[in-house]
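*Asks:* File final_18.cif follows (mmCIF, C-alpha atoms and all ligand atoms):
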```cif
data_run
loop_
_atom_site.group_PDB
_atom_site.id
_atom_site.type_symbol
_atom_site.label_atom_id
_atom_site.label_comp_id
_atom_site.auth_asym_id
_atom_site.auth_seq_id
_atom_site.Cartn_x
_atom_site.Cartn_y
_atom_site.Cartn_z
ATOM 1 C CA MET M 1 -202.863 141.847 94.425
ATOM 2 C CA PHE M 2 -204.606 143.643 97.315
ATOM 3 C CA ASP M 3 -207.148 146.204 96.003
ATOM 4 C CA TRP M 4 -206.630 149.097 98.416
ATOM 5 C CA GLU M 5 -209.262 151.361 96.883
ATOM 6 C CA ALA M 6 -211.982 148.665 97.001
ATOM 7 C CA ALA M 7 -211.089 147.688 100.585
ATOM 8 C CA TRP M 8 -211.028 151.344 101.692
ATOM 9 C CA HIS M 9 -214.363 151.946 99.974
ATOM 10 C CA ALA M 10 -215.987 148.883 101.582
ATOM 11 C CA ALA M 11 -214.670 149.883 105.017
ATOM 12 C CA LEU M 12 -216.280 153.349 104.830
ATOM 13 C CA TYR M 13 -219.240 153.028 102.454
ATOM 14 C CA GLY M 14 -220.015 149.311 102.016
ATOM 15 C CA PRO M 15 -222.720 147.513 104.034
ATOM 16 C CA GLY M 16 -221.978 148.263 107.699
ATOM 17 C CA GLY M 17 -219.154 150.615 106.642
ATOM 18 C CA PHE M 18 -217.993 153.324 108.993
ATOM 19 C CA PHE M 19 -219.828 156.264 107.384
ATOM 20 C CA ALA M 20 -222.537 154.146 105.717
ATOM 21 C CA ARG M 21 -223.846 152.964 109.085
ATOM 22 C CA GLY M 22 -224.081 156.540 110.350
ATOM 23 C CA GLU M 23 -220.898 157.276 112.269
ATOM 24 C CA LYS M 24 -220.620 161.065 112.412
ATOM 25 C CA PRO M 25 -217.293 162.910 112.384
ATOM 26 C CA SER M 26 -218.210 164.798 115.575
ATOM 27 C CA ALA M 27 -217.828 161.544 117.551
ATOM 28 C CA HIS M 28 -214.376 160.795 116.147
ATOM 29 C CA PHE M 29 -212.409 163.911 115.238
ATOM 30 C CA ARG M 30 -212.596 167.689 115.450
ATOM 31 C CA THR M 31 -213.327 169.627 112.277
ATOM 32 C CA SER M 32 -213.765 173.383 111.768
ATOM 33 C CA PRO M 33 -217.601 173.329 111.666
ATOM 34 C CA LEU M 34 -217.531 171.819 115.167
ATOM 35 C CA VAL M 35 -215.444 174.662 116.625
ATOM 36 C CA GLY M 36 -218.333 177.159 116.497
ATOM 37 C CA PRO M 37 -220.373 179.274 114.081
ATOM 38 C CA GLU M 38 -217.402 181.272 112.762
ATOM 39 C CA LEU M 39 -216.600 179.090 109.737
ATOM 40 C CA ALA M 40 -220.242 179.353 108.624
ATOM 41 C CA GLU M 41 -220.074 183.131 109.092
ATOM 42 C CA ALA M 42 -217.018 183.331 106.849
ATOM 43 C CA LEU M 43 -218.642 181.111 104.217
ATOM 44 C CA LEU M 44 -221.747 183.311 104.286
ATOM 45 C CA THR M 45 -219.507 186.309 103.585
ATOM 46 C CA LEU M 46 -218.037 184.391 100.658
ATOM 47 C CA LEU M 47 -221.505 183.324 99.503
ATOM 48 C CA GLY M 48 -222.631 186.966 99.681
ATOM 49 C CA ARG M 49 -219.791 187.893 97.331
ATOM 50 C CA VAL M 50 -220.716 185.037 94.973
ATOM 51 C CA ASP M 51 -224.368 186.137 95.076
ATOM 52 C CA ALA M 52 -223.429 189.726 94.172
ATOM 53 C CA ALA M 53 -221.096 188.592 91.378
ATOM 54 C CA LEU M 54 -223.916 186.450 89.936
ATOM 55 C CA GLY M 55 -226.282 189.442 90.036
ATOM 56 C CA PHE M 56 -228.512 188.193 92.903
ATOM 57 C CA PRO M 57 -230.245 185.206 91.238
ATOM 58 C CA PRO M 58 -233.742 184.190 92.456
ATOM 59 C CA VAL M 59 -232.380 181.016 94.104
ATOM 60 C CA VAL M 60 -228.904 180.854 95.647
ATOM 61 C CA ASP M 61 -227.469 177.459 96.584
ATOM 62 C CA PHE M 62 -225.203 176.492 99.421
ATOM 63 C CA VAL M 63 -224.222 172.869 98.784
ATOM 64 C CA ASP M 64 -222.255 171.029 101.485
ATOM 65 C CA VAL M 65 -220.698 167.895 99.962
ATOM 66 C CA GLY M 66 -219.674 165.221 102.468
ATOM 67 C CA ALA M 67 -221.844 166.972 105.039
ATOM 68 C CA GLY M 68 -221.359 164.469 107.892
ATOM 69 C CA GLY M 69 -223.770 165.500 110.647
ATOM 70 C CA GLY M 70 -224.845 168.611 108.700
ATOM 71 C CA GLU M 71 -223.378 171.043 111.248
ATOM 72 C CA LEU M 72 -221.972 173.392 108.601
ATOM 73 C CA ALA M 73 -225.049 173.310 106.359
ATOM 74 C CA PHE M 74 -227.340 173.977 109.328
ATOM 75 C CA ALA M 75 -225.187 176.829 110.656
ATOM 76 C CA VAL M 76 -225.213 178.494 107.230
ATOM 77 C CA ARG M 77 -229.005 178.135 107.065
ATOM 78 C CA ARG M 78 -229.430 179.488 110.603
ATOM 79 C CA LEU M 79 -227.079 182.467 110.249
ATOM 80 C CA ALA M 80 -228.173 183.659 106.794
ATOM 81 C CA SER M 81 -230.015 186.966 106.870
ATOM 82 C CA GLY M 82 -231.723 189.562 104.673
ATOM 83 C CA SER M 83 -232.375 189.056 100.981
ATOM 84 C CA LEU M 84 -229.907 186.170 100.779
ATOM 85 C CA ALA M 85 -231.783 184.198 103.470
ATOM 86 C CA ALA M 86 -235.032 184.533 101.508
ATOM 87 C CA ARG M 87 -233.398 183.149 98.340
ATOM 88 C CA LEU M 88 -231.096 180.585 99.975
ATOM 89 C CA ARG M 89 -231.425 176.843 99.317
ATOM 90 C CA VAL M 90 -229.219 174.649 101.516
ATOM 91 C CA THR M 91 -228.387 171.109 100.410
ATOM 92 C CA ALA M 92 -226.363 168.521 102.330
ATOM 93 C CA VAL M 93 -224.810 165.778 100.191
ATOM 94 C CA GLU M 94 -223.961 162.706 102.247
ATOM 95 C CA LEU M 95 -223.631 158.962 101.653
ATOM 96 C CA GLY M 96 -224.396 158.185 105.306
ATOM 97 C CA PRO M 97 -227.854 158.512 106.871
ATOM 98 C CA PRO M 98 -229.310 162.049 106.846
ATOM 99 C CA VAL M 99 -229.913 164.087 109.991
ATOM 100 C CA GLU M 100 -233.220 165.935 110.343
ATOM 101 C CA LEU M 101 -232.345 169.642 110.362
ATOM 102 C CA PRO M 102 -234.767 172.499 109.618
ATOM 103 C CA GLY M 103 -234.132 174.130 106.265
ATOM 104 C CA VAL M 104 -231.599 171.559 105.059
ATOM 105 C CA THR M 105 -232.390 169.133 102.207
ATOM 106 C CA TRP M 106 -230.362 165.909 102.044
ATOM 107 C CA THR M 107 -229.278 164.008 98.963
ATOM 108 C CA THR M 108 -226.709 161.349 98.110
ATOM 109 C CA SER M 109 -225.442 162.724 94.799
ATOM 110 C CA VAL M 110 -223.754 166.040 94.052
ATOM 111 C CA PRO M 111 -226.270 168.371 92.349
ATOM 112 C CA SER M 112 -225.632 171.135 89.852
ATOM 113 C CA CYS M 113 -226.030 174.471 91.591
ATOM 114 C CA THR M 114 -225.966 178.256 91.360
ATOM 115 C CA GLY M 115 -224.085 179.685 94.325
ATOM 116 C CA LEU M 116 -221.375 178.108 96.481
ATOM 117 C CA LEU M 117 -220.481 174.412 96.646
ATOM 118 C CA VAL M 118 -218.245 173.439 99.573
ATOM 119 C CA GLY M 119 -216.439 170.145 100.146
ATOM 120 C CA HIS M 120 -215.298 170.462 103.742
ATOM 121 C CA GLU M 121 -213.028 167.518 104.524
ATOM 122 C CA TRP M 122 -214.828 165.638 101.755
ATOM 123 C CA LEU M 123 -211.923 164.822 99.451
ATOM 124 C CA ASP M 124 -209.819 163.205 102.193
ATOM 125 C CA ALA M 125 -212.641 160.679 102.683
ATOM 126 C CA ILE M 126 -212.549 159.520 99.046
ATOM 127 C CA PRO M 127 -210.748 156.160 98.814
ATOM 128 C CA CYS M 128 -207.651 155.862 96.631
ATOM 129 C CA PRO M 129 -205.454 153.104 95.256
ATOM 130 C CA VAL M 130 -202.140 152.698 97.059
ATOM 131 C CA VAL M 131 -198.993 151.918 95.044
ATOM 132 C CA THR M 132 -195.379 151.207 95.845
ATOM 133 C CA GLY M 133 -192.669 152.767 93.713
ATOM 134 C CA PRO M 134 -191.406 152.840 91.213
ATOM 135 C CA SER M 135 -194.783 152.945 89.452
ATOM 136 C CA ASP M 136 -195.824 153.755 85.897
ATOM 137 C CA ASP M 137 -199.292 154.893 87.004
ATOM 138 C CA PRO M 138 -199.924 158.116 85.013
ATOM 139 C CA TRP M 139 -201.151 160.051 88.078
ATOM 140 C CA ILE M 140 -198.049 159.013 90.033
ATOM 141 C CA THR M 141 -195.788 159.924 87.129
ATOM 142 C CA ARG M 142 -197.230 163.437 87.001
ATOM 143 C CA TRP M 143 -197.908 164.182 90.649
ATOM 144 C CA TRP M 144 -195.847 161.945 92.909
ATOM 145 C CA PRO M 145 -192.742 160.372 91.369
ATOM 146 C CA LEU M 146 -191.672 157.552 93.696
ATOM 147 C CA ALA M 147 -188.313 156.138 94.619
ATOM 148 C CA ASP M 148 -187.895 152.378 95.093
ATOM 149 C CA GLY M 149 -190.035 151.076 97.936
ATOM 150 C CA GLU M 150 -191.820 154.385 98.634
ATOM 151 C CA ARG M 151 -195.605 154.235 98.945
ATOM 152 C CA ALA M 152 -198.229 156.698 97.738
ATOM 153 C CA GLU M 153 -201.978 157.223 97.702
ATOM 154 C CA VAL M 154 -203.018 157.726 94.054
ATOM 155 C CA GLY M 155 -205.154 160.878 94.035
ATOM 156 C CA ALA M 156 -206.904 160.244 90.706
ATOM 157 C CA PRO M 157 -210.336 159.359 92.240
ATOM 158 C CA ARG M 158 -210.275 162.627 94.222
ATOM 159 C CA ASP M 159 -209.283 164.630 91.155
ATOM 160 C CA ALA M 160 -212.176 163.083 89.210
ATOM 161 C CA ALA M 161 -214.714 163.664 92.008
ATOM 162 C CA TRP M 162 -213.637 167.280 92.445
ATOM 163 C CA ALA M 163 -213.607 168.016 88.708
ATOM 164 C CA ALA M 164 -217.130 166.572 88.347
ATOM 165 C CA ALA M 165 -218.457 168.568 91.311
ATOM 166 C CA VAL M 166 -216.891 171.823 90.076
ATOM 167 C CA ALA M 167 -218.208 171.297 86.535
ATOM 168 C CA GLY M 168 -221.811 171.538 87.767
ATOM 169 C CA VAL M 169 -221.356 174.872 89.563
ATOM 170 C CA ARG M 170 -222.255 178.398 88.476
ATOM 171 C CA GLY M 171 -220.633 180.647 91.045
ATOM 172 C CA ALA M 172 -217.845 179.137 93.132
ATOM 173 C CA ALA M 173 -216.625 175.789 94.453
ATOM 174 C CA LEU M 174 -214.440 175.476 97.522
ATOM 175 C CA ALA M 175 -212.539 172.430 98.806
ATOM 176 C CA VAL M 176 -211.211 172.726 102.344
ATOM 177 C CA ASP M 177 -208.851 169.972 103.415
ATOM 178 C CA TYR M 178 -205.471 168.966 104.749
ATOM 179 C CA GLY M 179 -202.981 167.996 102.139
ATOM 180 C CA HIS M 180 -199.635 168.298 100.468
ATOM 181 C CA LEU M 181 -198.103 169.701 97.311
ATOM 182 C CA ARG M 182 -195.984 168.021 94.678
ATOM 183 C CA SER M 183 -192.893 169.387 96.390
ATOM 184 C CA SER M 184 -193.778 167.849 99.733
ATOM 185 C CA ARG M 185 -195.684 164.611 99.264
ATOM 186 C CA ARG M 186 -195.758 162.081 102.050
ATOM 187 C CA PHE M 187 -197.702 158.897 102.687
ATOM 188 C CA THR M 188 -200.372 159.704 105.285
ATOM 189 C CA LEU M 189 -202.932 156.871 105.184
ATOM 190 C CA THR M 190 -204.306 156.593 108.728
ATOM 191 C CA GLY M 191 -207.359 155.860 110.828
ATOM 192 C CA TYR M 192 -209.395 157.771 113.428
ATOM 193 C CA ARG M 193 -211.700 156.427 116.077
ATOM 194 C CA ALA M 194 -213.235 158.204 119.074
ATOM 195 C CA GLY M 195 -210.827 161.129 118.883
ATOM 196 C CA ARG M 196 -207.675 159.042 118.518
ATOM 197 C CA GLN M 197 -205.415 158.294 115.598
ATOM 198 C CA VAL M 198 -205.398 154.511 115.075
ATOM 199 C CA PRO M 199 -203.913 152.106 112.494
ATOM 200 C CA PRO M 200 -206.025 152.145 109.298
ATOM 201 C CA VAL M 201 -207.782 148.792 109.586
ATOM 202 C CA PHE M 202 -210.215 148.095 106.728
ATOM 203 C CA ASP M 203 -212.955 146.488 108.834
ATOM 204 C CA GLY M 204 -215.351 149.419 109.278
ATOM 205 C CA SER M 205 -214.188 150.086 112.827
ATOM 206 C CA CYS M 206 -212.559 153.465 112.079
ATOM 207 C CA ASP M 207 -212.503 156.378 109.673
ATOM 208 C CA ILE M 208 -209.766 155.932 107.074
ATOM 209 C CA THR M 209 -208.259 159.039 105.540
ATOM 210 C CA ALA M 210 -205.208 160.419 103.763
ATOM 211 C CA HIS M 211 -204.022 163.935 102.958
ATOM 212 C CA VAL M 212 -205.265 165.419 99.683
ATOM 213 C CA ALA M 213 -203.047 166.394 96.742
ATOM 214 C CA LEU M 214 -204.918 169.689 96.367
ATOM 215 C CA ASP M 215 -202.617 170.905 93.582
ATOM 216 C CA ALA M 216 -203.661 167.878 91.509
ATOM 217 C CA CYS M 217 -207.357 168.475 92.296
ATOM 218 C CA ALA M 218 -206.916 172.115 91.257
ATOM 219 C CA ALA M 219 -205.424 171.141 87.909
ATOM 220 C CA ALA M 220 -208.091 168.477 87.295
ATOM 221 C CA ALA M 221 -210.972 170.911 87.801
ATOM 222 C CA GLY M 222 -209.102 173.694 85.982
ATOM 223 C CA GLY M 223 -210.283 177.229 85.282
ATOM 224 C CA ASP M 224 -209.890 180.306 87.461
ATOM 225 C CA ARG M 225 -208.700 179.211 90.899
ATOM 226 C CA ALA M 226 -206.697 180.018 94.006
ATOM 227 C CA LEU M 227 -205.142 177.903 96.735
ATOM 228 C CA VAL M 228 -204.658 179.671 100.050
ATOM 229 C CA SER M 229 -204.379 178.678 103.685
ATOM 230 C CA GLN M 230 -207.450 178.714 105.932
ATOM 231 C CA ARG M 231 -205.566 181.173 108.126
ATOM 232 C CA ASP M 232 -205.307 183.700 105.298
ATOM 233 C CA ALA M 233 -208.746 182.972 103.846
ATOM 234 C CA LEU M 234 -210.524 183.575 107.155
ATOM 235 C CA ALA M 235 -208.687 186.851 107.684
ATOM 236 C CA ALA M 236 -209.653 187.912 104.144
ATOM 237 C CA LEU M 237 -213.279 187.157 105.014
ATOM 238 C CA GLY M 238 -213.129 189.299 108.130
ATOM 239 C CA LEU M 239 -212.340 186.763 110.870
ATOM 240 C CA THR M 240 -209.356 188.060 112.773
ATOM 241 C CA GLY M 241 -210.669 187.766 116.343
ATOM 242 C CA GLU M 242 -210.057 191.071 118.096
ATOM 243 C CA VAL M 243 -211.153 191.198 121.743
ATOM 244 C CA THR M 244 -213.291 194.291 122.370
ATOM 245 C CA GLY M 245 -215.755 195.841 124.823
ATOM 246 C CA SER M 246 -216.006 195.309 128.543
ATOM 247 C CA GLY M 247 -217.844 193.042 130.969
ATOM 248 C CA TRP M 248 -220.085 190.442 129.341
ATOM 249 C CA GLU M 249 -219.321 191.746 125.850
ATOM 250 C CA TRP M 250 -215.606 191.356 126.550
ATOM 251 C CA LEU M 251 -216.149 187.763 127.718
ATOM 252 C CA GLU M 252 -218.143 186.938 124.585
ATOM 253 C CA SER M 253 -215.574 188.483 122.273
ATOM 254 C CA ALA M 254 -212.742 186.720 124.114
ATOM 255 C CA ALA M 255 -214.485 183.355 123.670
ATOM 256 C CA ARG M 256 -215.055 184.118 119.995
ATOM 257 C CA ALA M 257 -211.417 185.174 119.595
ATOM 258 C CA GLY M 258 -210.377 181.820 121.082
ATOM 259 C CA ARG M 259 -212.463 179.942 118.514
ATOM 260 C CA ILE M 260 -211.095 182.055 115.663
ATOM 261 C CA ALA M 261 -207.558 181.447 116.928
ATOM 262 C CA GLU M 262 -208.237 177.696 116.767
ATOM 263 C CA LEU M 263 -209.571 177.990 113.206
ATOM 264 C CA ARG M 264 -206.544 180.109 112.179
ATOM 265 C CA ASP M 265 -203.851 178.203 114.099
ATOM 266 C CA PRO M 266 -200.953 177.814 111.626
ATOM 267 C CA ALA M 267 -200.015 174.526 113.301
ATOM 268 C CA GLY M 268 -203.573 173.170 113.111
ATOM 269 C CA LEU M 269 -206.806 174.032 111.303
ATOM 270 C CA GLY M 270 -205.357 177.313 109.992
ATOM 271 C CA ALA M 271 -202.936 175.330 107.855
ATOM 272 C CA PHE M 272 -205.753 173.618 105.937
ATOM 273 C CA GLY M 273 -205.822 174.449 102.239
ATOM 274 C CA TRP M 274 -208.713 176.373 100.682
ATOM 275 C CA LEU M 275 -208.960 175.555 96.986
ATOM 276 C CA LEU M 276 -211.400 178.030 95.432
ATOM 277 C CA HIS M 277 -212.642 177.847 91.839
ATOM 278 C CA GLY M 278 -214.599 180.647 90.188
ATOM 279 C CA ARG M 279 -217.260 179.468 87.736
ATOM 280 C CA GLY M 280 -218.562 182.419 85.754
ATOM 281 C CA VAL M 281 -217.223 184.568 88.588
ATOM 282 C CA ALA M 282 -213.632 185.804 88.984
ATOM 283 C CA VAL M 283 -211.797 184.424 92.019
ATOM 284 C CA ALA M 284 -210.100 187.826 92.314
ATOM 285 C CA ASP M 285 -213.563 189.329 92.982
ATOM 286 C CA LEU M 286 -214.283 186.753 95.687
ATOM 287 C CA LEU M 287 -211.057 187.038 97.676
ATOM 288 C CA PRO M 288 -209.651 190.380 96.479
ATOM 289 C CA GLU M 289 -207.603 190.660 99.663
ATOM 290 C CA LEU M 290 -205.397 187.712 98.640
ATOM 291 C CA PRO M 291 -203.100 187.150 95.686
ATOM 292 C CA PRO M 292 -203.865 183.820 93.960
ATOM 293 C CA TRP M 293 -201.635 180.900 94.826
ATOM 294 C CA ARG M 294 -200.422 182.706 97.885
ATOM 295 C CA PRO M 295 -197.844 180.282 99.244
ATOM 296 C CA ILE M 296 -199.221 177.921 101.851
ATOM 297 C CA PRO M 297 -196.974 175.803 104.080
ATOM 298 C CA ALA M 298 -195.515 173.007 102.002
ATOM 299 C CA SER M 299 -197.298 170.298 103.945
ATOM 300 C CA PHE M 300 -200.454 171.702 105.380
ATOM 301 C CA ALA M 301 -201.913 170.387 108.600
ATOM 302 C CA THR M 302 -202.050 166.980 110.080
ATOM 303 C CA GLY M 303 -205.206 164.955 109.654
HETATM 304 C C1 LIG Y 401 -214.299 163.558 107.037
HETATM 305 S S1 LIG Y 401 -216.038 163.601 106.968
HETATM 306 C C2 LIG Y 401 -216.354 165.358 106.936
HETATM 307 C C3 LIG Y 401 -217.708 165.762 107.478
HETATM 308 C C4 LIG Y 401 -217.986 167.265 107.550
HETATM 309 N N1 LIG Y 401 -217.905 167.894 106.256
HETATM 310 C C5 LIG Y 401 -217.049 167.961 108.509
HETATM 311 O O1 LIG Y 401 -216.125 168.622 108.070
HETATM 312 O O2 LIG Y 401 -217.237 167.823 109.734
HETATM 313 C C6 LIG Y 401 -216.321 163.107 105.305
HETATM 314 C C7 LIG Y 401 -217.781 162.849 104.977
HETATM 315 O O3 LIG Y 401 -217.913 162.771 103.547
HETATM 316 C C8 LIG Y 401 -218.884 161.792 103.235
HETATM 317 N N2 LIG Y 401 -218.694 161.401 101.825
HETATM 318 C C9 LIG Y 401 -217.607 160.828 101.274
HETATM 319 N N3 LIG Y 401 -217.775 160.665 99.941
HETATM 320 C C10 LIG Y 401 -218.995 161.164 99.650
HETATM 321 C C11 LIG Y 401 -219.726 161.307 98.441
HETATM 322 N N4 LIG Y 401 -219.250 160.900 97.267
HETATM 323 N N5 LIG Y 401 -220.949 161.879 98.504
HETATM 324 C C12 LIG Y 401 -221.442 162.303 99.693
HETATM 325 N N6 LIG Y 401 -220.790 162.190 100.877
HETATM 326 C C13 LIG Y 401 -219.580 161.628 100.853
HETATM 327 C C14 LIG Y 401 -218.629 160.717 104.278
HETATM 328 O O4 LIG Y 401 -219.736 159.846 104.408
HETATM 329 C C15 LIG Y 401 -218.347 161.555 105.522
HETATM 330 O O5 LIG Y 401 -219.518 161.815 106.265
#
```
Using structure tokens, write down the structure from this file.

*Replies:*
Amino acid sequence: MFDWEAAWHAALYGPGGFFARGEKPSAHFRTSPLVGPELAEALLTLLGRVDAALGFPPVVDFVDVGAGGGELAFAVRRLASGSLAARLRVTAVELGPPVELPGVTWTTSVPSCTGLLVGHEWLDAIPCPVVTGPSDDPWITRWWPLADGERAEVGAPRDAAWAAAVAGVRGAALAVDYGHLRSSRRFTLTGYRAGRQVPPVFDGSCDITAHVALDACAAAAGGDRALVSQRDALAALGLTGEVTGSGWEWLESAARAGRIAELRDPAGLGAFGWLLHGRGVAVADLLPELPPWRPIPASFATG
């Protein structure tokens, strides 16, 4: 029988695999860190809240798992200020080759940390088995009951990776990804190359991805948690994008508002899910503006 998970893994992370050989997401698809500095600003606001809730520890971590080209990690390092900047340690976790960036340390395995761990479009890059229904796979039974002939990506490897990453955190862990809920599953396995969606061929020529069952990841990692849309989360962290001032200032704020609108677009990046776990810190203290499990669109964002 064809081993989908092994083939998917070899295509991305085996010798000569798409990410293993150093292909960077920026050359193939658009992600929020590539839009501008605003996502990093919002995450610094969140990190500031985590820092305060932890009582301002001597070292505060920002860990970017699945860091790609390190754009997010570097922007967080560059934009940090004040007492937080002096105590901040930024780590990029990436299986592909590291990129030299001032103030960013690279590693290939997820470290324990005190602060904020972020998996930005990490979980969708974790290979899964693919099954055709009906199936007695325990993950499928719980999370994605299948009718005859229907196909599904089995999210168990993502659940396990997320639970392990969250377990090593004191502070907060945040997964940001496109996905679906138990009520709205659909088979989404696909490929991306040079900005285009392509058939998912397992030969290392393209990124291979599938939407994330974030509700299953949430349950696997457990504890205090919330799942909200990026649109709502960014507003809660102060990114609403008003246009103010006049002249040059107006132009700058209009450009910034355009970037924020892209990040909050309900038909695009704004529909991404933010799965936030508090670890020794209450989620309600981190995003007090939002009720937990605020409904997000049933199927959030295309990949
Ligand atoms: C879709 S890209 C996202 C890159 C970046 N976070 C962004 O949003 O632009 C996924 C990245 O996760 C990396 N990755 C996947 N599994 C990983 C793991 N277990 N440890 C470290 N990096 C991993 C891949 O090599 C790839 O660079």

*Asks:* Find the spatial neighbours of Pro57 (chain M), counting only C-alpha atoms, within a cut-off of 10 Å - ignore same-chain residues fewer than 2 positions away - and output them as number ranges by chain.

*Replies:* M: 51-55, 59-61, 84, 87-88, 114-115

*Asks:* Limited to C-alpha atoms, could you put the picked residues into a file as a compact mmCIF listing (two decimals), in the coordinates of the input?

*Replies:*
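So result-v8.txt came out as:
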```txt
# COMPACT_ATOMS: atom_id res chain seq x y z
CA ASP M 51 -224.37 186.14 95.08
CA ALA M 52 -223.43 189.73 94.17
CA ALA M 53 -221.10 188.59 91.38
CA LEU M 54 -223.92 186.45 89.94
CA GLY M 55 -226.28 189.44 90.04
CA VAL M 59 -232.38 181.02 94.10
CA VAL M 60 -228.90 180.85 95.65
CA ASP M 61 -227.47 177.46 96.58
CA LEU M 84 -229.91 186.17 100.78
CA ARG M 87 -233.40 183.15 98.34
CA LEU M 88 -231.10 180.58 99.98
CA THR M 114 -225.97 178.26 91.36
CA GLY M 115 -224.08 179.68 94.32
```

*Asks:* Compare M:Ala194, M:Val131, M:Ala164, M:Ala271 by their minimum atom-to-atom distance to Trp4 (chain M), counting all atoms listed in the file, and give me the closest one.

*Replies:*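 Closest candidate: M:Val131.
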
*Asks:* Neighbours of ligand LIG 401 (chain Y) within 9 Å, counting only C-alpha atoms and all ligand atoms, as a short mmCIF file (atom, residue, chain, number, x, y, z; two decimals) with C-alpha atoms, keeping the file's coordinate frame?

*Replies:*
```
data_model
loop_
_atom_site.label_atom_id
_atom_site.label_comp_id
_atom_site.auth_asym_id
_atom_site.auth_seq_id
_atom_site.Cartn_x
_atom_site.Cartn_y
_atom_site.Cartn_z
CA LEU M 12 -216.28 153.35 104.83
CA TYR M 13 -219.24 153.03 102.45
CA PHE M 18 -217.99 153.32 108.99
CA PHE M 19 -219.83 156.26 107.38
CA ALA M 20 -222.54 154.15 105.72
CA GLY M 22 -224.08 156.54 110.35
CA GLU M 23 -220.90 157.28 112.27
CA LYS M 24 -220.62 161.06 112.41
CA PRO M 25 -217.29 162.91 112.38
CA SER M 26 -218.21 164.80 115.58
CA PHE M 29 -212.41 163.91 115.24
CA ARG M 30 -212.60 167.69 115.45
CA THR M 31 -213.33 169.63 112.28
CA SER M 32 -213.76 173.38 111.77
CA PRO M 33 -217.60 173.33 111.67
CA LEU M 34 -217.53 171.82 115.17
CA ASP M 64 -222.26 171.03 101.48
CA VAL M 65 -220.70 167.90 99.96
CA GLY M 66 -219.67 165.22 102.47
CA ALA M 67 -221.84 166.97 105.04
CA GLY M 68 -221.36 164.47 107.89
CA GLY M 69 -223.77 165.50 110.65
CA GLY M 70 -224.84 168.61 108.70
CA GLU M 71 -223.38 171.04 111.25
CA LEU M 72 -221.97 173.39 108.60
CA ALA M 73 -225.05 173.31 106.36
CA ALA M 92 -226.36 168.52 102.33
CA VAL M 93 -224.81 165.78 100.19
CA GLU M 94 -223.96 162.71 102.25
CA LEU M 95 -223.63 158.96 101.65
CA GLY M 96 -224.40 158.18 105.31
CA PRO M 97 -227.85 158.51 106.87
CA THR M 107 -229.28 164.01 98.96
CA THR M 108 -226.71 161.35 98.11
CA SER M 109 -225.44 162.72 94.80
CA VAL M 110 -223.75 166.04 94.05
CA VAL M 118 -218.24 173.44 99.57
CA GLY M 119 -216.44 170.14 100.15
CA HIS M 120 -215.30 170.46 103.74
CA GLU M 121 -213.03 167.52 104.52
CA TRP M 122 -214.83 165.64 101.76
CA LEU M 123 -211.92 164.82 99.45
CA ASP M 124 -209.82 163.21 102.19
CA ALA M 125 -212.64 160.68 102.68
CA ILE M 126 -212.55 159.52 99.05
CA PRO M 127 -210.75 156.16 98.81
CA ALA M 161 -214.71 163.66 92.01
CA VAL M 176 -211.21 172.73 102.34
CA ASP M 177 -208.85 169.97 103.42
CA ASP M 207 -212.50 156.38 109.67
CA ILE M 208 -209.77 155.93 107.07
CA THR M 209 -208.26 159.04 105.54
#
```

*Asks:* Report as a short mmCIF file (atom, residue, chain, number, x, y, z; two decimals) with C-alpha atoms, in the frame of the given file the full result of the PyMOL selection byres (((chain M and resi 220) around 8) and not hetatm) when it is applied to this structure.

*Replies:*
```
data_model
loop_
_atom_site.label_atom_id
_atom_site.label_comp_id
_atom_site.auth_asym_id
_atom_site.auth_seq_id
_atom_site.Cartn_x
_atom_site.Cartn_y
_atom_site.Cartn_z
CA ASP M 159 -209.28 164.63 91.16
CA ALA M 160 -212.18 163.08 89.21
CA TRP M 162 -213.64 167.28 92.44
CA ALA M 163 -213.61 168.02 88.71
CA ALA M 216 -203.66 167.88 91.51
CA CYS M 217 -207.36 168.48 92.30
CA ALA M 218 -206.92 172.12 91.26
CA ALA M 219 -205.42 171.14 87.91
CA ALA M 221 -210.97 170.91 87.80
CA GLY M 222 -209.10 173.69 85.98
#
```

*Asks:* Residues near Leu263 (chain M), anyone? I mean within 9 Å using only C-alpha atoms, not counting same-chain ones fewer than 5 positions away, as a ChimeraX atom specification.

*Replies:* /M:32,35,38-39,230-231,234,258,268-271

*Asks:* For a test of reading the model, state the distance in Å between CA of Gly241 (chain M) and CA of Arg259 (chain M), rounded to one decimal.

*Replies:*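 Computing the Euclidean distance for CA of Gly241 (chain M) and CA of Arg259 (chain M) yields 8.3 Å.
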
*Asks:* Work out how far CA of Ser112 (chain M) is from CA of Arg279 (chain M), in Å to one decimal.

*Replies:*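 These two atoms are separated by 12.0 Å.
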
*Asks:* Under the PyMOL selection byres (((chain M and resi 132) around 9) and not hetatm), which residues of this model are included? Write them out as a PyMOL selection string.

*Replies:* chain M and resi 130-131+133-135+146-152

*Asks:* Can you write out the residues you just picked, keeping C-alpha atoms, as an mmCIF file, in the coordinates of the input?

*Replies:*
```cif
data_model
loop_
_atom_site.group_PDB
_atom_site.id
_atom_site.type_symbol
_atom_site.label_atom_id
_atom_site.label_comp_id
_atom_site.auth_asym_id
_atom_site.auth_seq_id
_atom_site.Cartn_x
_atom_site.Cartn_y
_atom_site.Cartn_z
ATOM 1 C CA VAL M 130 -202.140 152.698 97.059
ATOM 2 C CA VAL M 131 -198.993 151.918 95.044
ATOM 3 C CA GLY M 133 -192.669 152.767 93.713
ATOM 4 C CA PRO M 134 -191.406 152.840 91.213
ATOM 5 C CA SER M 135 -194.783 152.945 89.452
ATOM 6 C CA LEU M 146 -191.672 157.552 93.696
ATOM 7 C CA ALA M 147 -188.313 156.138 94.619
ATOM 8 C CA ASP M 148 -187.895 152.378 95.093
ATOM 9 C CA GLY M 149 -190.035 151.076 97.936
ATOM 10 C CA GLU M 150 -191.820 154.385 98.634
ATOM 11 C CA ARG M 151 -195.605 154.235 98.945
ATOM 12 C CA ALA M 152 -198.229 156.698 97.738
#
```
